[in-house]
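Colleague: Structure file work_1.pdb, PDB, C-alpha atoms, is pasted below:
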```
ATOM      1  CA  MET K  13     137.455  87.892 112.851
ATOM      2  CA  ALA K  14     134.658  87.499 110.314
ATOM      3  CA  LEU K  15     133.845  84.049 111.703
ATOM      4  CA  CYS K  16     133.486  85.457 115.225
ATOM      5  CA  ALA K  17     131.187  88.200 113.914
ATOM      6  CA  ALA K  18     129.127  85.582 112.074
ATOM      7  CA  ASP K  19     128.887  83.446 115.224
ATOM      8  CA  SER K  20     127.737  86.496 117.187
ATOM      9  CA  GLU K  21     125.121  87.347 114.565
ATOM     10  CA  THR K  22     123.875  83.750 114.535
ATOM     11  CA  LYS K  23     123.507  83.807 118.311
ATOM     12  CA  GLN K  24     121.571  87.089 118.092
ATOM     13  CA  VAL K  25     119.197  85.662 115.475
ATOM     14  CA  LEU K  26     118.621  82.502 117.508
ATOM     15  CA  ALA K  27     117.987  84.689 120.578
ATOM     16  CA  ALA K  28     115.391  86.632 118.546
ATOM     17  CA  MET K  29     113.781  83.309 117.560
ATOM     18  CA  GLU K  30     113.625  82.311 121.237
ATOM     19  CA  SER K  31     112.123  85.706 122.140
ATOM     20  CA  LEU K  32     109.486  85.209 119.442
ATOM     21  CA  LYS K  33     108.677  81.750 120.805
ATOM     22  CA  GLN K  34     108.276  83.096 124.344
ATOM     23  CA  ALA K  35     106.160  86.037 123.135
ATOM     24  CA  MET K  36     103.830  83.640 121.329
ATOM     25  CA  ILE K  37     103.499  81.255 124.274
ATOM     26  CA  HIS K  38     102.895  84.103 126.750
ATOM     27  CA  ARG K  39     100.692  86.165 124.383
ATOM     28  CA  ASP K  40     103.025  89.137 124.815
ATOM     29  CA  GLY K  41     101.775  91.780 122.374
ATOM     30  CA  ALA K  42     104.481  94.316 123.278
ATOM     31  CA  ALA K  43     107.249  91.804 122.549
ATOM     32  CA  LEU K  44     105.570  90.747 119.289
ATOM     33  CA  GLU K  45     105.327  94.409 118.289
ATOM     34  CA  LYS K  46     109.124  94.727 118.630
ATOM     35  CA  LEU K  47     110.020  91.397 117.018
ATOM     36  CA  LEU K  48     107.751  91.566 113.964
ATOM     37  CA  SER K  49     108.406  93.949 111.086
ATOM     38  CA  ASP K  50     105.643  96.354 110.055
ATOM     39  CA  ASP K  51     105.663  94.774 106.573
ATOM     40  CA  LEU K  52     105.566  91.176 107.852
ATOM     41  CA  THR K  53     104.273  88.413 105.591
ATOM     42  CA  TYR K  54     103.337  85.442 107.801
ATOM     43  CA  THR K  55     102.206  82.359 105.888
ATOM     44  CA  HIS K  56     100.691  79.445 107.794
ATOM     45  CA  SER K  57     101.134  75.788 106.873
ATOM     46  CA  ALA K  58      97.525  75.660 105.641
ATOM     47  CA  GLY K  59      98.236  78.556 103.255
ATOM     48  CA  GLN K  60      96.544  81.512 104.950
ATOM     49  CA  GLU K  61      98.586  84.699 105.052
ATOM     50  CA  GLU K  62      98.602  87.258 107.839
ATOM     51  CA  SER K  63     100.017  90.724 108.401
ATOM     52  CA  LYS K  64     101.792  91.864 111.556
ATOM     53  CA  ALA K  65      98.525  93.210 112.984
ATOM     54  CA  ASP K  66      96.746  89.929 112.184
ATOM     55  CA  VAL K  67      99.421  87.832 113.898
ATOM     56  CA  ILE K  68      99.488  89.999 117.023
ATOM     57  CA  LYS K  69      95.682  90.039 117.274
ATOM     58  CA  SER K  70      95.445  86.273 116.729
ATOM     59  CA  ILE K  71      98.052  85.493 119.393
ATOM     60  CA  THR K  72      97.018  88.043 122.038
ATOM     61  CA  SER K  73      93.269  87.346 121.695
ATOM     62  CA  GLY K  74      93.752  83.608 122.102
ATOM     63  CA  LYS K  75      92.347  82.843 118.635
ATOM     64  CA  SER K  76      95.651  81.104 117.913
ATOM     65  CA  ILE K  77      96.853  79.187 120.953
ATOM     66  CA  VAL K  78     100.533  78.311 121.256
ATOM     67  CA  GLU K  79     101.087  76.029 124.239
ATOM     68  CA  LYS K  80     104.525  74.855 123.155
ATOM     69  CA  LEU K  81     106.838  75.458 120.217
ATOM     70  CA  GLU K  82     110.020  73.591 119.347
ATOM     71  CA  LEU K  83     112.505  74.468 116.609
ATOM     72  CA  THR K  84     114.913  71.675 115.681
ATOM     73  CA  ASP K  85     117.504  71.132 112.965
ATOM     74  CA  ALA K  86     117.849  74.907 112.625
ATOM     75  CA  ILE K  87     120.126  76.205 109.903
ATOM     76  CA  VAL K  88     120.949  79.918 110.085
ATOM     77  CA  ARG K  89     122.354  81.692 107.043
ATOM     78  CA  ILE K  90     123.300  85.332 107.342
ATOM     79  CA  ASN K  91     123.736  87.516 104.302
ATOM     80  CA  GLY K  92     124.485  91.112 105.279
ATOM     81  CA  ASN K  93     121.589  92.391 107.398
ATOM     82  CA  THR K  94     119.341  89.478 106.431
ATOM     83  CA  ALA K  95     119.141  86.119 108.166
ATOM     84  CA  LEU K  96     117.352  82.998 106.995
ATOM     85  CA  VAL K  97     116.419  80.453 109.649
ATOM     86  CA  LYS K  98     115.159  77.137 108.334
ATOM     87  CA  GLY K  99     114.172  74.269 110.538
ATOM     88  CA  LYS K 100     111.577  71.820 111.703
ATOM     89  CA  VAL K 101     108.918  73.356 113.942
ATOM     90  CA  ASP K 102     106.559  71.385 116.151
ATOM     91  CA  LEU K 103     103.700  73.599 117.333
ATOM     92  CA  TRP K 104     101.337  72.491 120.083
ATOM     93  CA  HIS K 105      97.963  74.251 119.900
ATOM     94  CA  SER K 106      96.870  71.680 122.527
ATOM     95  CA  SER K 107      97.992  68.249 123.683
ATOM     96  CA  THR K 108      95.966  66.694 120.841
ATOM     97  CA  ASN K 109      96.545  69.344 118.155
ATOM     98  CA  ILE K 110     100.228  69.304 117.213
ATOM     99  CA  VAL K 111     101.355  70.684 113.869
ATOM    100  CA  ASN K 112     104.675  69.474 112.428
ATOM    101  CA  MET K 113     106.192  71.795 109.827
ATOM    102  CA  ASN K 114     109.240  72.900 107.935
ATOM    103  CA  VAL K 115     109.475  76.654 108.387
ATOM    104  CA  LEU K 116     111.587  79.361 106.806
ATOM    105  CA  HIS K 117     111.879  82.556 108.865
ATOM    106  CA  VAL K 118     113.403  85.689 107.344
ATOM    107  CA  TRP K 119     114.874  88.280 109.718
ATOM    108  CA  VAL K 120     116.331  91.724 108.982
ATOM    109  CA  LYS K 121     118.684  93.551 111.332
ATOM    110  CA  HIS K 122     117.709  97.116 112.189
ATOM    111  CA  ALA K 123     119.295  99.566 114.608
ATOM    112  CA  SER K 124     116.869  98.275 117.265
ATOM    113  CA  GLY K 125     117.732  94.615 116.597
ATOM    114  CA  TRP K 126     116.462  91.720 114.515
ATOM    115  CA  GLN K 127     112.879  91.757 113.226
ATOM    116  CA  MET K 128     111.077  88.982 111.372
ATOM    117  CA  VAL K 129     109.893  90.129 107.935
ATOM    118  CA  ALA K 130     108.585  86.815 106.594
ATOM    119  CA  ARG K 131     107.608  83.305 107.603
ATOM    120  CA  GLN K 132     106.670  80.467 105.266
ATOM    121  CA  ALA K 133     105.489  77.162 106.722
ATOM    122  CA  THR K 134     104.921  73.797 105.055
ATOM    123  CA  ARG K 135     103.051  71.115 106.953
ATOM    124  CA  LEU K 136     104.861  67.771 107.053
ATOM    125  CA  ALA K 137     103.058  64.630 105.978
ATOM    126  CA  LYS K 138     102.082  62.357 108.868
TER     127      LYS K 138
END
```
So that I can check it, write out the structure of this file as structure tokens.
Modeller:
Amino acid sequence: MALCAADSETKQVLAAMESLKQAMIHRDGAALEKLLSDDLTYTHSAGQEESKADVIKSITSGKSIVEKLELTDAIVRINGNTALVKGKVDLWHSSTNIVNMNVLHVWVKHASGWQMVARQATRLAK
């Protein structure tokens, strides 16, 4: 039974990751508002840190363009109401500006669903 519950939780977290991806690509502020925790710490691969408001403004205003986003080699670890999702992320800002990173996403389950509370990205060497 516990394994089935864990599989279900993993699927929910991966669905939240997919929803985040789609919200970023489509500049969907309402979806980002639901998916991102109020106390979000979002660290970019170049080291800059943003709050929830910063991330939403950057995405919805077009300051940060996300044309395509791929998560591969994802490992999901769930510990109670917290999920860690680590994987390789390829982020297309344009066809000539592609950032390759290792990213750790931290999600917390609330009554309303999973929300991302932290993201830490490390740019991969070319």
Colleague: Centre and edge lengths, as AutoDock Vina command-line options, for the axis-aligned box enclosing every listed atom of stretch 108-116 of chain K with 8 Å of padding on each of the six sides, in Å to one decimal?
Modeller:
```
--center_x 103.8 --center_y 73.0 --center_z 113.8 --size_x 31.6 --size_y 28.7 --size_z 30.0
```
Colleague: Would you tabulate, counting all atoms listed in the file, all residues of stretch 23-106 of chain K that have an atom at most 6 Å from an atom of stretch 113-133 of chain K, showing the closest pair of atoms and their distance in Å to one decimal, sorted by chain then ascending number, as a tab-separated table?
Modeller:
```
residue	atom	partner	partner_atom	distance
K:Leu47	CA	K:Gln127	CA	4.8
K:Leu48	CA	K:Met128	CA	4.9
K:Ser49	CA	K:Val129	CA	5.2
K:Leu52	CA	K:Val129	CA	4.5
K:Thr53	CA	K:Ala130	CA	4.7
K:Tyr54	CA	K:Arg131	CA	4.8
K:Thr55	CA	K:Gln132	CA	4.9
K:His56	CA	K:Ala133	CA	5.4
K:Ser57	CA	K:Ala133	CA	4.6
K:Asn93	CA	K:Lys121	CA	5.0
K:Thr94	CA	K:Val120	CA	4.5
K:Ala95	CA	K:Trp119	CA	5.0
K:Leu96	CA	K:Val118	CA	4.8
K:Val97	CA	K:His117	CA	5.1
K:Lys98	CA	K:Leu116	CA	4.5
K:Gly99	CA	K:Val115	CA	5.7
K:Lys100	CA	K:Asn114	CA	4.6
K:Val101	CA	K:Met113	CA	5.2
```
Colleague: Running the PyMOL selection byres ((chain K and resi 77-79) around 9) on this model by hand, what would come out? Give it as a short mmCIF file (atom, residue, chain, number, x, y, z; two decimals) with C-alpha atoms, keeping the file's coordinate frame.
Modeller:
```cif
data_model
loop_
_atom_site.label_atom_id
_atom_site.label_comp_id
_atom_site.auth_asym_id
_atom_site.auth_seq_id
_atom_site.Cartn_x
_atom_site.Cartn_y
_atom_site.Cartn_z
CA LYS K 33 108.68 81.75 120.80
CA MET K 36 103.83 83.64 121.33
CA ILE K 37 103.50 81.26 124.27
CA HIS K 38 102.90 84.10 126.75
CA ARG K 39 100.69 86.16 124.38
CA SER K 70 95.44 86.27 116.73
CA ILE K 71 98.05 85.49 119.39
CA THR K 72 97.02 88.04 122.04
CA SER K 73 93.27 87.35 121.70
CA GLY K 74 93.75 83.61 122.10
CA LYS K 75 92.35 82.84 118.64
CA SER K 76 95.65 81.10 117.91
CA LYS K 80 104.52 74.86 123.16
CA LEU K 81 106.84 75.46 120.22
CA LEU K 103 103.70 73.60 117.33
CA TRP K 104 101.34 72.49 120.08
CA HIS K 105 97.96 74.25 119.90
CA SER K 106 96.87 71.68 122.53
CA SER K 107 97.99 68.25 123.68
#
```
Colleague: To one decimal place, how far is atom CA of K:Ala137 from atom CA of K:Val111 in Å?
Modeller: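 Taking atom CA of K:Ala137 and atom CA of K:Val111, their separation equals 10.1 Å.
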Colleague: How many Å lie between atom CA of K:Leu26 and atom CA of K:Val88, rounded to one decimal?
Modeller: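 Distance reported for this atom pair: 8.2 Å.
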Colleague: Quick one: pull the distance between atom CA of K:Ala43 and atom CA of K:Gln24, Å, one decimal.
Modeller: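 These atoms are spaced 15.7 Å apart.
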Colleague: Between K:Lys64, K:Arg89, K:Lys69, K:Arg135, single out the one closest to K:Asp19, counting all atoms listed in the file.
Modeller: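 Residue with the minimum atom-to-atom distance to K:Asp19: K:Arg89.
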Colleague: Can you pull out every residue within 8 Å of K:Ile68, counting all atoms listed in the file, but drop anything in the same chain fewer than 6 positions away, and send it as a CSV table (one decimal) with C-alpha atoms, keeping the file's coordinate frame?
Modeller:
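out-v4.csv was written with the following content:
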```
chain,number,residue,atom,x,y,z
K,41,GLY,CA,101.8,91.8,122.4
K,44,LEU,CA,105.6,90.7,119.3
K,45,GLU,CA,105.3,94.4,118.3
```
Colleague: Restricting the calculation to all atoms listed in the file, which member of K:Met29, K:Ala35, K:Ser20, K:Thr108 is positioned closest to K:Leu83?
Modeller: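 The answer is K:Met29, which sits nearest to K:Leu83.
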Colleague: Using the incomplete input, complete stretch 23-54 of chain K to the level of N, CA and C atoms; output as a short mmCIF file (atom, residue, chain, number, x, y, z; two decimals), in the coordinates of the input.
Modeller:
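Okay, selection-v8.cif is ready:
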```cif
data_model
loop_
_atom_site.label_atom_id
_atom_site.label_comp_id
_atom_site.auth_asym_id
_atom_site.auth_seq_id
_atom_site.Cartn_x
_atom_site.Cartn_y
_atom_site.Cartn_z
N LYS K 23 124.02 83.87 116.95
CA LYS K 23 123.51 83.81 118.31
C LYS K 23 122.41 84.84 118.53
N GLN K 24 122.59 86.04 117.96
CA GLN K 24 121.57 87.09 118.09
C GLN K 24 120.27 86.69 117.40
N VAL K 25 120.39 86.10 116.22
CA VAL K 25 119.20 85.66 115.48
C VAL K 25 118.48 84.55 116.24
N LEU K 26 119.23 83.58 116.74
CA LEU K 26 118.62 82.50 117.51
C LEU K 26 117.98 83.03 118.80
N ALA K 27 118.58 84.05 119.39
CA ALA K 27 117.99 84.69 120.58
C ALA K 27 116.67 85.37 120.20
N ALA K 28 116.63 86.00 119.02
CA ALA K 28 115.39 86.63 118.55
C ALA K 28 114.32 85.57 118.31
N MET K 29 114.72 84.42 117.76
CA MET K 29 113.78 83.31 117.56
C MET K 29 113.22 82.84 118.91
N GLU K 30 114.07 82.73 119.91
CA GLU K 30 113.62 82.31 121.24
C GLU K 30 112.69 83.36 121.84
N SER K 31 113.00 84.64 121.64
CA SER K 31 112.12 85.71 122.14
C SER K 31 110.76 85.64 121.47
N LEU K 32 110.75 85.35 120.17
CA LEU K 32 109.49 85.21 119.44
C LEU K 32 108.68 84.04 120.01
N LYS K 33 109.33 82.93 120.23
CA LYS K 33 108.68 81.75 120.80
C LYS K 33 108.03 82.10 122.14
N GLN K 34 108.79 82.74 123.02
CA GLN K 34 108.28 83.10 124.34
C GLN K 34 107.12 84.10 124.24
N ALA K 35 107.24 85.04 123.33
CA ALA K 35 106.16 86.04 123.14
C ALA K 35 104.88 85.36 122.67
N MET K 36 105.01 84.35 121.81
CA MET K 36 103.83 83.64 121.33
C MET K 36 103.20 82.80 122.44
N ILE K 37 104.01 82.11 123.19
CA ILE K 37 103.50 81.26 124.27
C ILE K 37 102.82 82.11 125.35
N HIS K 38 103.40 83.26 125.66
CA HIS K 38 102.90 84.10 126.75
C HIS K 38 101.95 85.21 126.27
N ARG K 39 101.61 85.17 124.97
CA ARG K 39 100.69 86.16 124.38
C ARG K 39 101.13 87.60 124.67
N ASP K 40 102.41 87.85 124.50
CA ASP K 40 103.02 89.14 124.82
C ASP K 40 103.00 90.07 123.59
N GLY K 41 101.96 90.88 123.51
CA GLY K 41 101.78 91.78 122.37
C GLY K 41 102.89 92.79 122.22
N ALA K 42 103.41 93.32 123.34
CA ALA K 42 104.48 94.32 123.28
C ALA K 42 105.75 93.69 122.69
N ALA K 43 106.06 92.48 123.09
CA ALA K 43 107.25 91.80 122.55
C ALA K 43 107.05 91.49 121.07
N LEU K 44 105.85 91.03 120.70
CA LEU K 44 105.57 90.75 119.29
C LEU K 44 105.70 92.01 118.45
N GLU K 45 105.24 93.12 118.98
CA GLU K 45 105.33 94.41 118.29
C GLU K 45 106.78 94.74 117.94
N LYS K 46 107.70 94.45 118.85
CA LYS K 46 109.12 94.73 118.63
C LYS K 46 109.78 93.73 117.69
N LEU K 47 109.36 92.46 117.77
CA LEU K 47 110.02 91.40 117.02
C LEU K 47 109.54 91.27 115.57
N LEU K 48 108.33 91.72 115.29
CA LEU K 48 107.75 91.57 113.96
C LEU K 48 107.85 92.87 113.19
N SER K 49 108.28 92.78 111.95
CA SER K 49 108.41 93.95 111.09
C SER K 49 107.02 94.46 110.68
N ASP K 50 106.92 95.76 110.47
CA ASP K 50 105.64 96.35 110.06
C ASP K 50 105.14 95.77 108.74
N ASP K 51 106.06 95.33 107.87
CA ASP K 51 105.66 94.77 106.57
C ASP K 51 105.73 93.24 106.55
N LEU K 52 105.51 92.63 107.71
CA LEU K 52 105.57 91.18 107.85
C LEU K 52 104.61 90.46 106.90
N THR K 53 105.10 89.37 106.32
CA THR K 53 104.27 88.41 105.59
C THR K 53 104.41 87.10 106.33
N TYR K 54 103.32 86.63 106.94
CA TYR K 54 103.34 85.44 107.80
C TYR K 54 102.41 84.41 107.17
#
```
